[in-house]
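Student: Let me give you the structure first, and then I'll get to my questions.
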Amino acid sequence: MAVLFAVSVIAGFLGALLGVGGGIFIVPALVLAFHLPIKIAVAASLVSVIATSNAGGSSYVEQHITNLRLGMFLEVATTIGALSGSVLALYLKEWVMLVLFTALLLYMAVSAYVTRYADDRRIAAGGYCQAQADNWSHRLRLNGSYHDHALNRQVDYVVTGSGIGTGIAYLAGMASGLLGVGGGVLKVSAMNRYMNVPMKAAVGTSKMMIGVTAAVGSILFYMAGLIHFFIVAPVALGTTVGATVGTWVMNRLRTVVLKRIFAALMFYLAYGMLAKAVAERFHLILPSLGS
Amino acid sequence: MPETFSEPAARVYAVVYRVLYWGMLISTALFTLGVLRALQHPRMISLGPALSQSLGTTLRGLAALDPASLMLAATVVLILTPVARVVMALLAFWRDGDAGFVAVTGVVLGVIVLTVILGRLGLH
């Protein structure tokens, strides 16, 4: 249990450094290092996602960085996605889930190389408040505003692209329910890229949303008898501790170096998960990379 | 025009923050106590269907600081925290007469209820 706690602290720490939840590291760690079935690993990871969402999300809500109205609007799609994803997870074979998780890790590895948007320049140019709100955004008053302490100014923004944002939110919810991750990477990039939401507001809103999204999956896994408290407890606690420390350290490290390290780490984990899938499905043992 | 922080909007933020904060605090405290108690009395665990116990057994277990009961309660509090956040937000929107968002949060609650129903039907 102490080892599980220590590994979860590291997973939460690494996740926070990359700006994602710990789930992307927790699931491979439980499967590859502790040899747990992937469904039990996904269930434990989902609960840890709620823990990090409550801890991180409350802080963003307190600072009014979270766009509550936008978050709750998108939660309709993420919760439906999470329900369909977790129902699918209960029926899928282990090796299929391992392959899907490998695909997610590869996507994350590649996206780690994608350059972050020049958010500060866009804010300074007033780009976020000059867009035209779409019909849903206008009707539900999804537009937002927050105070950016780093820039020392109020940032107003007009929410657009509700349709595509809802579609991607559904996919993010599905990934959460199916693979035990928060799906924050998908939601943040959708809000920033297609919905005209500044990065900080997108991160804060996503942090709040992943809690209820993961709760839907957790309820189903709980009722299916897949949540083992002696595994969940050290994982949830460790991830929260690791994420808290990681968030603090993140602001003091160089992003470029971090991204390279994480891309390499995720390729490594992807290979481990794929090797396990091949062993499960075809009884073939691929060369070990030490996992 | 961008959303400004009117009194009702600020009230919803305050309600959501309080629910998340207290949920986090209570579940973390229960998890910590549960893990510490489990470390005092280490035992092997089975990977078969997870433990399920009645409310009465859990309450008695909590009083006796039983690690399984503490962790079960922590997990339930943790899972219910975002659900409680949705319920409280719905009530705050209702109080503010914001029909659009009463409907939006109502749909989210509906999905959660549907999840419980599917779980009860034995979807596994």
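We name chains A, B, ... following the order of the structure tokens; residues begin at 1 in each chain, and ligands are numbered from 1 as shown.
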As a PyMOL selection string, could you give me every residue of chain A near chain B (at most 8 Å apart, counting only C-alpha atoms)?
Tutor: chain A and resi 1-2+47+50-51+54-55+57-59+61-62+64+68-69+72-73+75-76+79-80+83+87+90-91+129+140-145+156-158+211-212+215-216+218-220+223-230+232-234+237
Student: So which residues touch segment 92-95 of chain A within 10 Å, counting only C-alpha atoms, skipping near sequence neighbours fewer than 3 positions away, as a count of residues only?
Tutor: 22
Student: What's the separation between atom CA of Gly12 of chain A and atom CA of Gly81 of chain A, in Å to one decimal place?
Tutor: 24.2 Å
Student: Taking the DSSP secondary structure from the backbone, can you list the residues of chain B that are alpha helix (DSSP H), as a ChimeraX atom specification?
Tutor: /B:7-40,55-63,67-95,99-120
Student: By how many Å are atom CA of Lys207 of chain A and atom CA of Val188 of chain A apart?
Tutor: 9.2 Å
Student: Which residues, written as a compact mmCIF listing (two decimals) with C-alpha atoms, in the first residue's frame, have at least one atom at most 9 Å from Phe25 of chain A, with only C-alpha atoms counted and residues fewer than 4 positions away on the same chain left out?
Tutor:
```txt
# COMPACT_ATOMS: atom_id res chain seq x y z
CA SER A 8 0.74 7.58 -7.22
CA ILE A 10 5.03 10.32 -8.72
CA ALA A 11 2.16 9.88 -11.24
CA GLY A 12 0.29 12.89 -9.85
CA LEU A 14 4.37 14.02 -13.46
CA GLY A 15 0.77 14.66 -14.57
CA GLY A 21 -4.28 14.66 -14.63
CA ALA A 29 1.70 2.10 -13.62
CA LEU A 30 -1.02 -0.11 -12.10
CA MET A 266 4.76 8.33 -22.95
CA LEU A 269 4.59 3.53 -21.59
```
